[in-house]
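Engineer: The structure is given below, and queries will be raised subsequently.
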Amino acid sequence: MPKDEKSWFHLRTAAELFMCDEKALEDSLCRRVIVTRDETITKELDPEAAVSSRDALAKVVYSRLFDWLVDKINNSIGQDPNSKYLIGVLDIYGFESFKTNSFEQFCINLTNEKLQQHFNQHVFKMEQEEYTREEINWSYIEFIDNQDVLDLIEKKPGGIIALLDEACMFPRSTHDTFAQKLYQTFKNHKRFSKPKLARSDFTICHYAGDVTYQTELFLEKNKDYVIAEHQALLSASKCSFASSLFPVSNEETSKQSKFSSIGSRFKQQLQALLETLSATEPHYIRCVKPNNLLKPHIFENQNVLQQLRCGGVLEAIRISCAGYPTKRPFYEFVDRFGVLAPEALDGSTDEVAVCKKLLEKVGLEGYQIGKTKVFLRAGQMAVLDTKRTEILGKSASIIQRKIRSYMARKSFILFRRSTILIQSVCRGELARHDYETMRREASCLRIQRDLRMYIARKAYKEKRASALSVQTGMRGMAARNELRFRRQTKAAILIQSHCRKFLAHSKYVKLKKATITTQSAWRGRVARKELRSLKMAARETGALQAAKNKLEKQVEELTWRLQLEKRMRTDLEEAKTQENTKLRTAVQELQLQLKEAKDTLVKEREAAKLAAETIPVIQEVPVVDHELTQKLNAENTELKDLVNSLKTKIIETEKKYEETYKLSEERLKQAMEAESMIVKLKTTMHSLEERIADMESENKIQWQSLLTNKGVPAHSPDLASKVLENGNHANESITLNDLLLTPEKGFETPDNKPRRPPIDRQHEDVDALMECVVKDVGFSQGKPVAAFTIYKCLLHWKSFEAERTSVFDRLVQMIGSAIEDQDSNDHMAYWLSNTSTLLFLLQKSMKPAGTAGTASVRKPQPTSLFGRMTMGFRSSPSTVNFGAASAALETVKQVEAKYPALLFNQQLIAYVEKMYGIIRDNLKKELGSLLALCIQAPRTSKGSVLRSGRSFGKESHTNHWQGIIDCLNTLLTTLKENFVPPVLVQKIFTQTFQYVNVQLFNSLLLRRECCTFSNGEYVKSGLAELELWCCQAKDEYAGSAWDELKHIRQAVGFLVIHQKYRISYDEIINDLCPVLSVQQLYRICTLYWDDNYNTRSVSSEVISSMRVLMTEDSNNAVSNSFLLDDNSSIPFSIDELSNSIEVKDFLDVKPALDLLENPYFHFLHE
């Protein structure tokens, strides 16, 4: 019985696993039942026998489990028991020879001896037997046979296995007695020997080498018997699986234990294996162990050679080299290699002769022809196969060519039919689709027409009702005003009648006295009647001149009003655009706030729902958070009110826009009418000028005839002064001396040849100037030649001092036509340079009217608008030396500018601003598409490239930033080549960089995918490229452009900080981002996420501080907008343009070469 509690526990555990009776298990392990003829005896076992019984039970259970597992595997493989064919794989390592070799090594080595004998029989014996059977010439080859070793081991009755079984049957046999029995039986056997220093070991000389076996455990390992108590115990188990492993048979009904030998069973299984191998066609694979260290790249030559020798590989190679390893039957050989000699098969039925002809044609030597087979030496089969493959390859190519041609033609025909069918179906479908589209378009047009008619009729009725109401009120008010006016008029007439009566009486008295005086003086003045008629003619001429001046003033006033209307319209459109931009920005912000509020409401509802689900339900006690509900309702009401107010603002803005548009249309109409009026007035003025010229010529002739008849002195100063007092200007009329002395001076040359009048000559000169400067005449000494030439001509013609001239209109029209092509920056830069230079020269030349006195008289301060404006454009010559000042005064002369020159000055300013805006807008348009690609880093570069901000310049995805740099360089080169003033270049790039700052910063605030760490590094690398460009362009052209990027620079710098949660709010607003507002910082902090390192944003305390400040500033409408606005105004003044150019720069400028050759422009040589 078990000795302690632990043994009892193990016994109970085993009984539970076997599902048998605990007492029965104890009896089967500790007792034996001996059945005799008369009685049954129960015997108690000693401890050693009980241990052996326990081990026997474990062994038999393991053996039955292993057999059951093998059967399951074989059944699962699905082998067909009725199959005639078998493909099997036998894997065995080889001979085993260890320091201690027991019964297992003995059985394994027996298996290797059997397999070696089978290999010898298959390779050596059968090969030579076939040579003999085929009667070919060959020499017998000796090989090693191991049949004597097999007889030593398994021969009956004197083999080692038989002696082992015999020793196991005797209870008192030990391994010593078994060893002595072996020594006595095989002492004279050449394959058996006894070690010298061992008592129970023995050595067998296998074909692979000598192996010494220890017999200590041979008897125990050879015994395999099932104890009857164990069989009965497990057969009666409640576990169906255990009972199925030990079925009850008739032979085992006795209670005796039946002996079974492991060696005998192993020999029988080995014999069955060899029978299976003999019934199949075996193929052998020899595995060689390169070294005993089990390491790679190490080969032990002796060990490998010994394995090859022991495995019979060397012997097999020797026999194969000496014999004929390749053999084929005649019919198979002829069938396979008949293609090598087709002529040998024609009309011949003898396979032997055909084989000989084939081999003779191929040219092989050393082969043998047997009775039924052809025997070839090693390598000859490969030669035949190679030649056969060549012939078959050529034949296959021909067959493939024909087949492919047939298949291609068949495929083409099928494809063509399918294509035609598909095309017909597609065309029908397209036609039906087009018809349906046309029907829908016609229906849509009809619906739109009816809808528009309804909307227009409704609007017309509303406007008509409003107009009737307004007209009723206005007519009533007009009637009342008319009544009041008539009453006042009646009273005034009564007063006027009495006043006029008094005045008429007084005038009559005075007139009576004057008449008497006049009649007395009239008789004395009869002699001067002719002189009085001439004076009356002169007065009529003066009246016409006054009418002319009045018309000129009206033209000037209308022109000024037209310019003013255009300016007001432009300012109104800019204000309207800015207001629309602000409203759109406000709408976007409100939509974002509404979206955030909705998201917050959804999250709070979900949180409330989850809280309601997690809280245990209490029946009949509903709990509602009224405060939260009221708060949410209040927020919803506020949001709805905000949306309604926004809609109202949008409607009001649209109404304002419509009103503004109508007003602008009316003003445009008025401006067009004013222009037509100006044309009419100019026509009238020209006709008046012609009349004045005719009257002046008639007056001149009459004066000449009068002075000739009465002998008046030719140089009478009194008469000349009287003529001047009648209204003729000295700078426009011909002097009296010229009229009397040289009356034909203006119409004849010194050679008495007629020439054209001066007006026609001036028109021709202006046409020549326009024809020359409209072309690209280039630059001289860094200054535009066209502007300098125009200035010199205007200065020579004294156009600045003229009261009227058409030269300025021609120049303005020429400049306007030249800049119609607004897409070419090169063309616009050329005319911007010429226009700004001409404007500078005009500013330097103008001085206010009334200051043309001597140098000693102090110039009075100008009081007119243009006088004050031109005073600011003059620069002091105190910083230059006397020579340069005198040369500059010769180049740029001070003149008294009249109204046409001042108007031309304003028009030049407008053209400079317009061309500046066009170049700036063209650059913004080019950069707009690139900026949309530069705000976000490419997705393919976020894995490895965005690790360093400087690595972007070396990668392919910097093409967008490089495109921006190329645009800037192209424009800068164009402006430099056309010598545009540096102050304009600075302003262009400053406003462009401001536009870049606005676009990048607004995109950063509106798109969450842009507020990432990697995107910050990407944009930072692009800004570094822009900074490098500013450094290369220098301050002369870049100016303060880099400072305009302060918003995006500070935002990107904040994004690439690693430990944002450690930064305080004061550090952010004072050190990192002092320019950004609280709304902008809050937007960046809430949108930020790190796609590289998963770092956190700023701490919750900083976010809370920002929210508090935003709440305090919520009443300020400006602070609520976090987006930036683009400034499209003109950022420079004429003073800055004038101060950037010096007069001395024009000393060496040469006029246009085409005009220098014209004799009428000889003054350009001066």
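Here's how to read the names in the structure tokens: chain A, B, ... by the order shown, residue numbers from 1 in each chain, ligand numbers from 1 in the order shown.
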I'd like the neighbourhood of A:Phe1122 as a list in words, where a residue qualifies if any of its atoms comes within 8 Å (using only C-alpha atoms), though same-chain residues fewer than 6 positions away should be ignored.
Structural biologist: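 The neighbour list is Ser1077, Gln1079 and Gln1080 of chain A.
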Engineer: Got a sec: who's within 12 Å of stretch 308-321 of chain A, counting only C-alpha atoms, leaving out chain neighbours fewer than 4 positions off, as a VMD selection string?
Structural biologist: chain A and resid 93 to 95 112 to 113 115 to 125 127 to 128 138 to 146 206 to 210 284 to 290 301 to 304 325 to 326 376 to 379
Engineer: Name the closest residue to A:Tyr1037 among the candidates A:Gln994, A:Arg480, A:Val980, A:Leu839; distances are taken between atoms, counting only C-alpha atoms.
Structural biologist: A:Val980
Engineer: Tell me, as a VMD selection string, which residues lie within 10 Å of stretch 384-387 of chain A, counting only C-alpha atoms; anything in the same chain fewer than 2 positions away does not count.
Structural biologist: chain A and resid 336 to 337 339 to 340 358 to 359 362 364 379 to 382 389 to 393
Engineer: Next, dump the selected residues to file, keeping only N, CA and C atoms, as an mmCIF file, in the first residue's frame.
Structural biologist:
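Here's the written file out_36.cif:
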```cif
data_model
loop_
_atom_site.group_PDB
_atom_site.id
_atom_site.type_symbol
_atom_site.label_atom_id
_atom_site.label_comp_id
_atom_site.auth_asym_id
_atom_site.auth_seq_id
_atom_site.Cartn_x
_atom_site.Cartn_y
_atom_site.Cartn_z
ATOM 1 N N ARG A 336 12.162 7.612 -78.604
ATOM 2 C CA ARG A 336 12.644 8.900 -78.062
ATOM 3 C C ARG A 336 13.596 9.599 -79.011
ATOM 4 N N PHE A 337 14.524 8.832 -79.600
ATOM 5 C CA PHE A 337 15.584 9.464 -80.403
ATOM 6 C C PHE A 337 15.426 9.190 -81.887
ATOM 7 N N VAL A 339 13.812 10.972 -83.914
ATOM 8 C CA VAL A 339 13.835 12.250 -84.636
ATOM 9 C C VAL A 339 15.233 12.637 -85.071
ATOM 10 N N LEU A 340 16.284 11.985 -84.498
ATOM 11 C CA LEU A 340 17.658 12.340 -84.881
ATOM 12 C C LEU A 340 17.992 11.823 -86.281
ATOM 13 N N LEU A 358 21.088 4.943 -85.617
ATOM 14 C CA LEU A 358 20.984 6.199 -84.864
ATOM 15 C C LEU A 358 22.289 6.526 -84.150
ATOM 16 N N LEU A 359 22.872 5.518 -83.476
ATOM 17 C CA LEU A 359 24.107 5.761 -82.716
ATOM 18 C C LEU A 359 25.276 6.066 -83.638
ATOM 19 N N VAL A 362 24.923 9.674 -84.859
ATOM 20 C CA VAL A 362 25.292 10.650 -83.824
ATOM 21 C C VAL A 362 26.790 10.648 -83.581
ATOM 22 N N LEU A 364 28.521 8.279 -81.438
ATOM 23 C CA LEU A 364 28.898 7.861 -80.084
ATOM 24 C C LEU A 364 29.758 6.609 -80.145
ATOM 25 N N GLY A 379 27.174 10.063 -69.515
ATOM 26 C CA GLY A 379 27.228 11.299 -70.279
ATOM 27 C C GLY A 379 26.716 11.191 -71.682
ATOM 28 N N GLN A 380 26.600 9.948 -72.235
ATOM 29 C CA GLN A 380 26.130 9.811 -73.612
ATOM 30 C C GLN A 380 24.650 10.123 -73.735
ATOM 31 N N MET A 381 23.864 9.826 -72.729
ATOM 32 C CA MET A 381 22.443 10.146 -72.776
ATOM 33 C C MET A 381 22.231 11.665 -72.840
ATOM 34 N N ALA A 382 23.067 12.436 -72.139
ATOM 35 C CA ALA A 382 22.951 13.894 -72.176
ATOM 36 C C ALA A 382 23.228 14.434 -73.571
ATOM 37 N N THR A 389 16.779 17.849 -78.226
ATOM 38 C CA THR A 389 16.154 19.111 -77.831
ATOM 39 C C THR A 389 16.314 20.178 -78.904
ATOM 40 N N GLU A 390 17.473 20.196 -79.561
ATOM 41 C CA GLU A 390 17.682 21.170 -80.635
ATOM 42 C C GLU A 390 16.698 20.950 -81.786
ATOM 43 N N ILE A 391 16.560 19.670 -82.206
ATOM 44 C CA ILE A 391 15.649 19.381 -83.327
ATOM 45 C C ILE A 391 14.214 19.680 -82.930
ATOM 46 N N LEU A 392 13.807 19.269 -81.719
ATOM 47 C CA LEU A 392 12.442 19.537 -81.277
ATOM 48 C C LEU A 392 12.190 21.049 -81.112
ATOM 49 N N GLY A 393 13.209 21.804 -80.675
ATOM 50 C CA GLY A 393 13.050 23.249 -80.538
ATOM 51 C C GLY A 393 12.784 23.926 -81.871
#
```
Engineer: Tell me which protein, DNA and RNA residues are within 8 Å of stretch 970-975 of chain A, counting only C-alpha atoms, leaving out same-chain ones fewer than 5 positions away, and put them as a VMD selection string.
Structural biologist: chain A and resid 825 to 826 829 923 980 985
Engineer: Next, write the just-selected residues to a file, as a short mmCIF file (atom, residue, chain, number, x, y, z; two decimals), in the first residue's frame, keeping all heavy atoms as the atom set.
Structural biologist:
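What follows is the written file selection_38.cif:
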```cif
data_model
loop_
_atom_site.label_atom_id
_atom_site.label_comp_id
_atom_site.auth_asym_id
_atom_site.auth_seq_id
_atom_site.Cartn_x
_atom_site.Cartn_y
_atom_site.Cartn_z
N ASN A 825 4.65 91.56 -67.94
CA ASN A 825 5.33 92.37 -66.93
C ASN A 825 6.50 93.14 -67.53
O ASN A 825 6.82 94.24 -67.07
CB ASN A 825 5.83 91.47 -65.80
CG ASN A 825 4.70 91.04 -64.89
OD1 ASN A 825 3.67 91.70 -64.79
ND2 ASN A 825 4.87 89.91 -64.23
N ASP A 826 7.14 92.59 -68.54
CA ASP A 826 8.27 93.29 -69.18
C ASP A 826 7.78 94.58 -69.84
O ASP A 826 8.39 95.65 -69.69
CB ASP A 826 8.89 92.35 -70.21
CG ASP A 826 10.23 92.89 -70.70
OD1 ASP A 826 10.69 93.90 -70.14
OD2 ASP A 826 10.81 92.30 -71.62
N ALA A 829 6.72 97.03 -67.10
CA ALA A 829 7.87 97.61 -66.39
C ALA A 829 8.55 98.69 -67.23
O ALA A 829 9.01 99.71 -66.70
CB ALA A 829 8.88 96.50 -66.05
N LEU A 923 2.00 89.55 -60.18
CA LEU A 923 2.88 88.72 -59.34
C LEU A 923 2.06 87.95 -58.31
O LEU A 923 2.31 86.77 -58.04
CB LEU A 923 3.92 89.61 -58.65
CG LEU A 923 4.90 88.89 -57.72
CD1 LEU A 923 5.67 87.82 -58.49
CD2 LEU A 923 5.87 89.89 -57.09
N VAL A 980 13.49 100.39 -63.36
CA VAL A 980 12.38 100.93 -62.56
C VAL A 980 12.97 101.51 -61.28
O VAL A 980 13.89 100.94 -60.69
CB VAL A 980 11.36 99.81 -62.25
CG1 VAL A 980 10.23 100.34 -61.36
CG2 VAL A 980 10.79 99.25 -63.53
N VAL A 985 10.25 99.27 -56.71
CA VAL A 985 10.57 97.84 -56.58
C VAL A 985 10.41 97.40 -55.13
O VAL A 985 9.85 96.33 -54.84
CB VAL A 985 12.00 97.58 -57.09
CG1 VAL A 985 12.34 96.10 -56.95
CG2 VAL A 985 12.14 98.01 -58.54
#
```
Engineer: For a quick check of understanding, using only C-alpha atoms, which of A:Met438, A:Val226, A:Leu152, A:Leu110 has the smallest distance to A:Ser193?
Structural biologist: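 Closest candidate: A:Leu152.
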Engineer: Given only C-alpha atoms as the basis, pick out the residue of A:Ser405, A:Gln563, A:Ser806, A:Ser97 nearest to A:Ala910.
Structural biologist: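 Ranking A:Ser405, A:Gln563, A:Ser806, A:Ser97 by distance to A:Ala910, first place goes to A:Gln563.
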Engineer: Would you return as number ranges by chain the members of stretch 37-151 of chain A that DSSP assigns to helix (DSSP H, G or I) on this structure's backbone?
Structural biologist: A: 47-77, 103-134, 147-151
Engineer: Just to confirm, what's the straight-line distance from atom CA of A:Asn969 to atom CA of A:Trp1029 in Å (one decimal)?
Structural biologist: 8.4 Å
Engineer: Would you pick out the contacts of A:Cys355 at 8 Å or less, using only C-alpha atoms, so that residues sharing its chain but fewer than 3 positions from it are not included, and give the list as a short mmCIF file (atom, residue, chain, number, x, y, z; two decimals) with N, CA, C and O atoms, in the first residue's frame?
Structural biologist:
```
data_model
loop_
_atom_site.label_atom_id
_atom_site.label_comp_id
_atom_site.auth_asym_id
_atom_site.auth_seq_id
_atom_site.Cartn_x
_atom_site.Cartn_y
_atom_site.Cartn_z
N PHE A 330 14.85 -1.13 -76.62
CA PHE A 330 14.95 -0.72 -78.02
C PHE A 330 13.78 0.17 -78.43
O PHE A 330 13.96 1.21 -79.07
N PHE A 333 14.06 3.58 -76.87
CA PHE A 333 15.16 4.35 -77.45
C PHE A 333 14.79 4.88 -78.83
O PHE A 333 15.04 6.04 -79.18
N VAL A 334 14.17 3.98 -79.68
CA VAL A 334 13.79 4.39 -81.03
C VAL A 334 12.69 5.44 -80.96
O VAL A 334 12.69 6.43 -81.69
N GLU A 351 14.36 -3.15 -84.83
CA GLU A 351 14.70 -2.09 -83.86
C GLU A 351 16.19 -2.06 -83.58
O GLU A 351 16.76 -1.00 -83.33
N VAL A 352 16.86 -3.23 -83.57
CA VAL A 352 18.31 -3.27 -83.29
C VAL A 352 19.07 -2.52 -84.37
O VAL A 352 19.97 -1.71 -84.09
N LEU A 358 21.09 4.94 -85.62
CA LEU A 358 20.98 6.20 -84.86
C LEU A 358 22.29 6.53 -84.15
O LEU A 358 22.78 7.65 -84.18
N LEU A 359 22.87 5.52 -83.48
CA LEU A 359 24.11 5.76 -82.72
C LEU A 359 25.28 6.07 -83.64
O LEU A 359 26.14 6.88 -83.32
N VAL A 374 19.63 -0.98 -74.99
CA VAL A 374 20.83 -0.27 -75.41
C VAL A 374 21.52 0.25 -74.16
O VAL A 374 20.89 0.93 -73.33
#
```
Engineer: Could you go through stretch 166-319 of chain A and tell me which residues DSSP, when run on the backbone, assigns to strand (DSSP E), listing them as a PyMOL selection string?
Structural biologist: chain A and resi 192-193+201-206+209-214
Engineer: Using only C-alpha atoms, which residues sit within 9 Å of A:Asp21 once same-chain residues fewer than 4 positions away are excluded, as a PDB file with N, CA and C atoms, in the first residue's frame?
Structural biologist:
```
ATOM      1  N   ALA A  15      -6.029   7.543 -10.759  1.00  0.00           N
ATOM      2  CA  ALA A  15      -7.341   6.899 -10.868  1.00  0.00           C
ATOM      3  C   ALA A  15      -8.354   7.841 -11.519  1.00  0.00           C
ATOM      4  N   GLU A  16      -8.301   9.121 -11.201  1.00  0.00           N
ATOM      5  CA  GLU A  16      -9.213  10.081 -11.825  1.00  0.00           C
ATOM      6  C   GLU A  16      -8.947  10.220 -13.317  1.00  0.00           C
ATOM      7  N   LEU A  25      -7.006   0.062  -8.878  1.00  0.00           N
ATOM      8  CA  LEU A  25      -5.685   0.503  -9.336  1.00  0.00           C
ATOM      9  C   LEU A  25      -4.611   0.130  -8.327  1.00  0.00           C
ATOM     10  N   GLU A  26      -4.913   0.306  -7.038  1.00  0.00           N
ATOM     11  CA  GLU A  26      -3.934  -0.075  -5.996  1.00  0.00           C
ATOM     12  C   GLU A  26      -3.659  -1.570  -6.033  1.00  0.00           C
ATOM     13  N   LEU A 233      -8.001  -3.842 -15.614  1.00  0.00           N
ATOM     14  CA  LEU A 233      -8.306  -2.535 -15.019  1.00  0.00           C
ATOM     15  C   LEU A 233      -8.689  -1.504 -16.080  1.00  0.00           C
ATOM     16  N   SER A 237     -12.403   0.591 -17.620  1.00  0.00           N
ATOM     17  CA  SER A 237     -12.419   2.029 -17.332  1.00  0.00           C
ATOM     18  C   SER A 237     -13.703   2.667 -17.843  1.00  0.00           C
TER      19      SER A 237
END
```
Engineer: Provide the atom CA of A:Gln306 to atom CA of A:Val89 distance in Å, to one decimal place.
Structural biologist: 25.2 Å
